[in-house]
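For reference, target_7.tsv (TSV, N, CA and C atoms):
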chain	number	residue	atom	x	y	z
K	16	MET	N	99.75	110.04	99.68
K	16	MET	CA	100.74	111.01	99.31
K	16	MET	C	101.47	110.55	98.05
K	17	GLU	N	101.82	109.30	98.02
K	17	GLU	CA	102.56	108.75	96.88
K	17	GLU	C	101.77	108.92	95.59
K	18	GLN	N	100.48	108.67	95.65
K	18	GLN	CA	99.63	108.79	94.46
K	18	GLN	C	99.67	110.22	93.93
K	19	GLY	N	99.56	111.20	94.81
K	19	GLY	CA	99.61	112.60	94.39
K	19	GLY	C	100.95	112.97	93.79
K	20	LEU	N	102.02	112.50	94.41
K	20	LEU	CA	103.36	112.78	93.90
K	20	LEU	C	103.53	112.23	92.49
K	21	VAL	N	103.10	110.99	92.30
K	21	VAL	CA	103.22	110.34	90.99
K	21	VAL	C	102.43	111.12	89.94
K	22	LYS	N	101.20	111.47	90.26
K	22	LYS	CA	100.35	112.15	89.29
K	22	LYS	C	100.89	113.53	88.92
K	23	LEU	N	101.63	114.15	89.82
K	23	LEU	CA	102.19	115.47	89.54
K	23	LEU	C	103.65	115.40	89.08
K	24	GLY	N	104.18	114.19	88.97
K	24	GLY	CA	105.56	114.03	88.50
K	24	GLY	C	106.59	114.55	89.48
K	25	LEU	N	106.30	114.41	90.77
K	25	LEU	CA	107.20	114.90	91.81
K	25	LEU	C	107.78	113.75	92.62
K	26	GLU	N	108.88	114.02	93.28
K	26	GLU	CA	109.48	113.09	94.23
K	26	GLU	C	109.29	113.70	95.63
K	27	GLU	N	109.30	112.87	96.64
K	27	GLU	CA	109.14	113.36	98.00
K	27	GLU	C	110.20	114.40	98.35
K	28	GLU	N	111.40	114.23	97.84
K	28	GLU	CA	112.49	115.18	98.10
K	28	GLU	C	112.18	116.57	97.54
K	29	ASP	N	111.40	116.64	96.47
K	29	ASP	CA	111.04	117.92	95.87
K	29	ASP	C	110.27	118.80	96.84
K	30	LEU	N	109.51	118.18	97.72
K	30	LEU	CA	108.66	118.93	98.64
K	30	LEU	C	109.47	119.85	99.56
K	31	LYS	N	110.68	119.44	99.88
K	31	LYS	CA	111.52	120.23	100.79
K	31	LYS	C	111.93	121.56	100.19
K	32	THR	N	112.05	121.63	98.88
K	32	THR	CA	112.55	122.85	98.24
K	32	THR	C	111.43	123.73	97.69
K	33	MET	N	110.21	123.23	97.70
K	33	MET	CA	109.08	124.01	97.21
K	33	MET	C	108.58	124.96	98.29
K	34	MET	N	107.93	126.04	97.88
K	34	MET	CA	107.33	126.95	98.85
K	34	MET	C	106.28	126.20	99.66
K	35	LYS	N	106.11	126.59	100.93
K	35	LYS	CA	105.18	125.86	101.78
K	35	LYS	C	103.74	125.93	101.29
K	36	GLY	N	103.41	126.97	100.54
K	36	GLY	CA	102.06	127.10	100.02
K	36	GLY	C	101.93	126.77	98.54
K	37	ALA	N	102.88	126.01	98.01
K	37	ALA	CA	102.85	125.65	96.59
K	37	ALA	C	101.53	124.96	96.24
K	38	PRO	N	100.92	125.32	95.13
K	38	PRO	CA	99.65	124.71	94.73
K	38	PRO	C	99.72	123.18	94.64
K	39	GLU	N	100.85	122.65	94.22
K	39	GLU	CA	101.00	121.20	94.13
K	39	GLU	C	100.91	120.56	95.51
K	40	LYS	N	101.52	121.18	96.50
K	40	LYS	CA	101.44	120.67	97.87
K	40	LYS	C	100.01	120.73	98.37
K	41	ALA	N	99.33	121.84	98.07
K	41	ALA	CA	97.93	121.98	98.49
K	41	ALA	C	97.07	120.88	97.89
K	42	ALA	N	97.28	120.57	96.61
K	42	ALA	CA	96.50	119.52	95.95
K	42	ALA	C	96.78	118.15	96.58
K	43	ILE	N	98.02	117.87	96.88
K	43	ILE	CA	98.36	116.59	97.52
K	43	ILE	C	97.75	116.54	98.92
K	44	ALA	N	97.81	117.64	99.65
K	44	ALA	CA	97.21	117.69	100.99
K	44	ALA	C	95.71	117.44	100.90
K	45	TRP	N	95.06	118.05	99.90
K	45	TRP	CA	93.62	117.83	99.70
K	45	TRP	C	93.34	116.35	99.44
K	46	LEU	N	94.14	115.72	98.60
K	46	LEU	CA	93.95	114.31	98.29
K	46	LEU	C	94.10	113.45	99.54
K	47	ILE	N	95.09	113.75	100.35
K	47	ILE	CA	95.30	112.98	101.58
K	47	ILE	C	94.10	113.13	102.51
K	48	ARG	N	93.63	114.37	102.71
K	48	ARG	CA	92.49	114.60	103.61
K	48	ARG	C	91.23	113.93	103.07
K	49	LYS	N	91.05	113.96	101.76
K	49	LYS	CA	89.86	113.37	101.13
K	49	LYS	C	89.88	111.85	101.23
K	50	SER	N	91.05	111.27	101.19
K	50	SER	CA	91.17	109.81	101.07
K	50	SER	C	91.51	109.09	102.36
K	51	THR	N	91.89	109.82	103.39
K	51	THR	CA	92.33	109.18	104.63
K	51	THR	C	91.78	109.92	105.85
K	52	VAL	N	92.13	109.43	107.02
K	52	VAL	CA	91.77	110.11	108.27
K	52	VAL	C	92.99	110.79	108.88
K	53	THR	N	94.01	110.98	108.07
K	53	THR	CA	95.24	111.62	108.52
K	53	THR	C	94.96	113.05	108.94
K	54	ASP	N	95.57	113.49	110.03
K	54	ASP	CA	95.32	114.85	110.52
K	54	ASP	C	96.24	115.87	109.86
K	55	ASN	N	95.88	117.14	110.03
K	55	ASN	CA	96.62	118.23	109.39
K	55	ASN	C	98.03	118.37	109.92
K	56	ARG	N	98.27	117.98	111.16
K	56	ARG	CA	99.62	118.06	111.71
K	56	ARG	C	100.57	117.16	110.91
K	57	TRP	N	100.14	115.93	110.64
K	57	TRP	CA	100.97	114.99	109.87
K	57	TRP	C	101.17	115.52	108.45
K	58	ILE	N	100.09	115.99	107.83
K	58	ILE	CA	100.16	116.49	106.47
K	58	ILE	C	101.13	117.66	106.38
K	59	ALA	N	100.99	118.63	107.28
K	59	ALA	CA	101.86	119.81	107.26
K	59	ALA	C	103.32	119.42	107.43
K	60	SER	N	103.57	118.49	108.32
K	60	SER	CA	104.94	118.06	108.57
K	60	SER	C	105.51	117.31	107.37
K	61	ARG	N	104.77	116.37	106.87
K	61	ARG	CA	105.25	115.50	105.80
K	61	ARG	C	105.43	116.23	104.47
K	62	LEU	N	104.55	117.22	104.22
K	62	LEU	CA	104.62	117.97	102.97
K	62	LEU	C	105.42	119.27	103.12
K	63	HIS	N	105.94	119.51	104.31
K	63	HIS	CA	106.74	120.72	104.57
K	63	HIS	C	105.92	121.97	104.25
K	64	MET	N	104.75	122.06	104.92
K	64	MET	CA	103.80	123.14	104.65
K	64	MET	C	103.70	124.16	105.78
K	65	GLY	N	104.53	124.07	106.79
K	65	GLY	CA	104.37	124.96	107.92
K	65	GLY	C	103.50	124.30	108.97
K	66	GLY	N	102.57	125.05	109.56
K	66	GLY	CA	101.73	124.52	110.63
K	66	GLY	C	100.46	123.86	110.13
K	67	PRO	N	99.79	123.13	111.03
K	67	PRO	CA	98.56	122.42	110.67
K	67	PRO	C	97.43	123.34	110.22
K	68	SER	N	97.33	124.52	110.82
K	68	SER	CA	96.25	125.43	110.43
K	68	SER	C	96.45	125.95	109.01
K	69	TYR	N	97.71	126.15	108.62
K	69	TYR	CA	98.01	126.59	107.25
K	69	TYR	C	97.67	125.47	106.26
K	70	ALA	N	98.00	124.25	106.61
K	70	ALA	CA	97.66	123.11	105.75
K	70	ALA	C	96.14	123.02	105.59
K	71	SER	N	95.41	123.20	106.68
K	71	SER	CA	93.96	123.16	106.63
K	71	SER	C	93.40	124.24	105.71
K	72	LYS	N	93.95	125.44	105.81
K	72	LYS	CA	93.53	126.56	104.96
K	72	LYS	C	93.73	126.22	103.48
K	73	LEU	N	94.88	125.65	103.16
K	73	LEU	CA	95.16	125.30	101.76
K	73	LEU	C	94.25	124.18	101.26
K	74	VAL	N	94.00	123.19	102.11
K	74	VAL	CA	93.10	122.10	101.72
K	74	VAL	C	91.73	122.67	101.40
K	75	ASN	N	91.24	123.60	102.21
K	75	ASN	CA	89.93	124.21	101.96
K	75	ASN	C	89.93	125.02	100.67
K	76	GLN	N	91.02	125.69	100.36
K	76	GLN	CA	91.10	126.44	99.11
K	76	GLN	C	90.99	125.51	97.91
K	77	VAL	N	91.66	124.37	98.00
K	77	VAL	CA	91.59	123.38	96.91
K	77	VAL	C	90.17	122.83	96.81
K	78	ARG	N	89.59	122.50	97.95
K	78	ARG	CA	88.24	121.92	97.97
K	78	ARG	C	87.22	122.88	97.36
K	79	LYS	N	87.37	124.17	97.60
K	79	LYS	CA	86.41	125.17	97.12
K	79	LYS	C	86.69	125.66	95.70
K	80	ALA	N	87.84	125.35	95.16
K	80	ALA	CA	88.22	125.85	93.83
K	80	ALA	C	87.25	125.34	92.76
K	81	ARG	N	86.80	126.25	91.92
K	81	ARG	CA	85.88	125.90	90.83
K	81	ARG	C	86.49	126.17	89.46
K	82	ARG	N	87.66	126.80	89.46
K	82	ARG	CA	88.40	127.04	88.22
K	82	ARG	C	89.82	127.43	88.62
K	83	GLY	N	90.66	127.59	87.62
K	83	GLY	CA	92.02	128.02	87.88
K	83	GLY	C	92.96	126.87	88.21
K	84	GLU	N	94.15	127.24	88.66
K	84	GLU	CA	95.22	126.27	88.89
K	84	GLU	C	94.86	125.23	89.95
K	85	LEU	N	94.30	125.67	91.07
K	85	LEU	CA	93.95	124.70	92.12
K	85	LEU	C	92.90	123.71	91.65
K	86	TRP	N	91.93	124.17	90.88
K	86	TRP	CA	90.90	123.28	90.35
K	86	TRP	C	91.52	122.24	89.41
K	87	LYS	N	92.43	122.71	88.54
K	87	LYS	CA	93.09	121.79	87.60
K	87	LYS	C	93.93	120.75	88.34
K	88	LEU	N	94.65	121.19	89.36
K	88	LEU	CA	95.47	120.25	90.13
K	88	LEU	C	94.60	119.27	90.90
K	89	ARG	N	93.48	119.75	91.45
K	89	ARG	CA	92.55	118.85	92.18
K	89	ARG	C	92.05	117.76	91.24
K	90	ARG	N	91.67	118.15	90.04
K	90	ARG	CA	91.19	117.16	89.08
K	90	ARG	C	92.29	116.17	88.70
K	91	LYS	N	93.50	116.68	88.55
K	91	LYS	CA	94.63	115.83	88.16
K	91	LYS	C	94.94	114.79	89.23
K	92	VAL	N	95.05	115.22	90.48
K	92	VAL	CA	95.41	114.26	91.54
K	92	VAL	C	94.23	113.40	91.95
K	93	GLY	N	93.00	113.87	91.69
K	93	GLY	CA	91.82	113.14	92.10
K	93	GLY	C	91.38	112.04	91.16
K	94	LYS	N	91.99	111.97	89.98
K	94	LYS	CA	91.63	110.92	89.02
K	94	LYS	C	92.06	109.56	89.55
K	95	GLN	N	91.21	108.59	89.30
K	95	GLN	CA	91.49	107.23	89.75
K	95	GLN	C	92.64	106.62	88.95
K	96	VAL	N	93.47	105.88	89.66
K	96	VAL	CA	94.55	105.13	89.00
K	96	VAL	C	93.99	103.76	88.66
K	97	LEU	N	94.11	103.36	87.41
K	97	LEU	CA	93.59	102.06	86.99
K	97	LEU	C	94.64	101.00	87.03
Would you kindly transcribe this structure into structure tokens?
Amino acid sequence: MEQGLVKLGLEEEDLKTMMKGAPEKAAIAWLIRKSTVTDNRWIASRLHMGGPSYASKLVNQVRKARRGELWKLRRKVGKQVL
């Protein structure tokens, strides 16, 4: 989660005031699911995204994105930190 926040220039506190379906939250959720075995319940709670099924839906949207904002955010958060 921290890696995604840093790459997007966000603080954890920012998540509380963002819409639950904000593209930035979806990209961070995708990164967490891709990189860990953390479940959607934890992700939804920690990122203030509503329920686990909604978090899962957003993660899948990011995963399937081939262009547009979600694709750009996926590429941004998915880059390796050196």
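Atom C of Asp29 in chain K is positioned 11.0 Å from CA of Met64 in chain K.
Counting only C-alpha atoms, range 73-86 of chain K has the following residues at most 10 Å away, ignoring those fewer than 2 positions along the same chain: K:Gly36, K:Ala37, K:Pro38, K:Glu39, K:Lys40, K:Ala41, K:Ala42, K:Ile43, K:Ala44, K:Trp45, K:Leu46, K:Ile47, K:Arg48, K:Lys49, K:Asn55, K:Met64, K:Pro67, K:Ser68, K:Tyr69, K:Ala70, K:Ser71, K:Leu88, K:Arg89, K:Arg90, K:Lys91.
The shortest atom-to-atom distance to His63 in chain K, with all atoms listed in the file taken into account, belongs to K:Lys35 out of K:Lys87, K:Glu17, K:Thr51, K:Lys35.
As for atom N of Lys31 in chain K and CA of Leu62 in chain K, they are spaced 7.0 Å apart.
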Q: Mind giving me the straight-line distance from CA of Val92 in chain K to CA of Met16 in chain K in Å, one decimal?
A: 10.0 Å
Q) Can you list, as an NGL selection string, every residue of range 41-87 of chain K that DSSP puts in alpha helix (DSSP H)? A) :K and (41-50 or 55-61 or 67-79 or 83-87)
Can those selected residues be exported to a file as a compact mmCIF listing (two decimals), keeping the file's coordinate frame so that it contains N, CA and C atoms?
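What landed in again_24.txt:
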# COMPACT_ATOMS: atom_id res chain seq x y z
N ALA K 41 99.33 121.84 98.07
CA ALA K 41 97.93 121.98 98.49
C ALA K 41 97.07 120.88 97.89
N ALA K 42 97.28 120.57 96.61
CA ALA K 42 96.50 119.52 95.95
C ALA K 42 96.78 118.15 96.58
N ILE K 43 98.02 117.87 96.88
CA ILE K 43 98.36 116.59 97.52
C ILE K 43 97.75 116.54 98.92
N ALA K 44 97.81 117.64 99.65
CA ALA K 44 97.21 117.69 100.99
C ALA K 44 95.71 117.44 100.90
N TRP K 45 95.06 118.05 99.90
CA TRP K 45 93.62 117.83 99.70
C TRP K 45 93.34 116.35 99.44
N LEU K 46 94.14 115.72 98.60
CA LEU K 46 93.95 114.31 98.29
C LEU K 46 94.10 113.45 99.54
N ILE K 47 95.09 113.75 100.35
CA ILE K 47 95.30 112.98 101.58
C ILE K 47 94.10 113.13 102.51
N ARG K 48 93.63 114.37 102.71
CA ARG K 48 92.49 114.60 103.61
C ARG K 48 91.23 113.93 103.07
N LYS K 49 91.05 113.96 101.76
CA LYS K 49 89.86 113.37 101.13
C LYS K 49 89.88 111.85 101.23
N SER K 50 91.05 111.27 101.19
CA SER K 50 91.17 109.81 101.07
C SER K 50 91.51 109.09 102.36
N ASN K 55 95.88 117.14 110.03
CA ASN K 55 96.62 118.23 109.39
C ASN K 55 98.03 118.37 109.92
N ARG K 56 98.27 117.98 111.16
CA ARG K 56 99.62 118.06 111.71
C ARG K 56 100.57 117.16 110.91
N TRP K 57 100.14 115.93 110.64
CA TRP K 57 100.97 114.99 109.87
C TRP K 57 101.17 115.52 108.45
N ILE K 58 100.09 115.99 107.83
CA ILE K 58 100.16 116.49 106.47
C ILE K 58 101.13 117.66 106.38
N ALA K 59 100.99 118.63 107.28
CA ALA K 59 101.86 119.81 107.26
C ALA K 59 103.32 119.42 107.43
N SER K 60 103.57 118.49 108.32
CA SER K 60 104.94 118.06 108.57
C SER K 60 105.51 117.31 107.37
N ARG K 61 104.77 116.37 106.87
CA ARG K 61 105.25 115.50 105.80
C ARG K 61 105.43 116.23 104.47
N PRO K 67 99.79 123.13 111.03
CA PRO K 67 98.56 122.42 110.67
C PRO K 67 97.43 123.34 110.22
N SER K 68 97.33 124.52 110.82
CA SER K 68 96.25 125.43 110.43
C SER K 68 96.45 125.95 109.01
N TYR K 69 97.71 126.15 108.62
CA TYR K 69 98.01 126.59 107.25
C TYR K 69 97.67 125.47 106.26
N ALA K 70 98.00 124.25 106.61
CA ALA K 70 97.66 123.11 105.75
C ALA K 70 96.14 123.02 105.59
N SER K 71 95.41 123.20 106.68
CA SER K 71 93.96 123.16 106.63
C SER K 71 93.40 124.24 105.71
N LYS K 72 93.95 125.44 105.81
CA LYS K 72 93.53 126.56 104.96
C LYS K 72 93.73 126.22 103.48
N LEU K 73 94.88 125.65 103.16
CA LEU K 73 95.16 125.30 101.76
C LEU K 73 94.25 124.18 101.26
N VAL K 74 94.00 123.19 102.11
CA VAL K 74 93.10 122.10 101.72
C VAL K 74 91.73 122.67 101.40
N ASN K 75 91.24 123.60 102.21
CA ASN K 75 89.93 124.21 101.96
C ASN K 75 89.93 125.02 100.67
N GLN K 76 91.02 125.69 100.36
CA GLN K 76 91.10 126.44 99.11
C GLN K 76 90.99 125.51 97.91
N VAL K 77 91.66 124.37 98.00
CA VAL K 77 91.59 123.38 96.91
C VAL K 77 90.17 122.83 96.81
N ARG K 78 89.59 122.50 97.95
CA ARG K 78 88.24 121.92 97.97
C ARG K 78 87.22 122.88 97.36
N LYS K 79 87.37 124.17 97.60
CA LYS K 79 86.41 125.17 97.12
C LYS K 79 86.69 125.66 95.70
N GLY K 83 90.66 127.59 87.62
CA GLY K 83 92.02 128.02 87.88
C GLY K 83 92.96 126.87 88.21
N GLU K 84 94.15 127.24 88.66
CA GLU K 84 95.22 126.27 88.89
C GLU K 84 94.86 125.23 89.95
N LEU K 85 94.30 125.67 91.07
CA LEU K 85 93.95 124.70 92.12
C LEU K 85 92.90 123.71 91.65
N TRP K 86 91.93 124.17 90.88
CA TRP K 86 90.90 123.28 90.35
C TRP K 86 91.52 122.24 89.41
N LYS K 87 92.43 122.71 88.54
CA LYS K 87 93.09 121.79 87.60
C LYS K 87 93.93 120.75 88.34
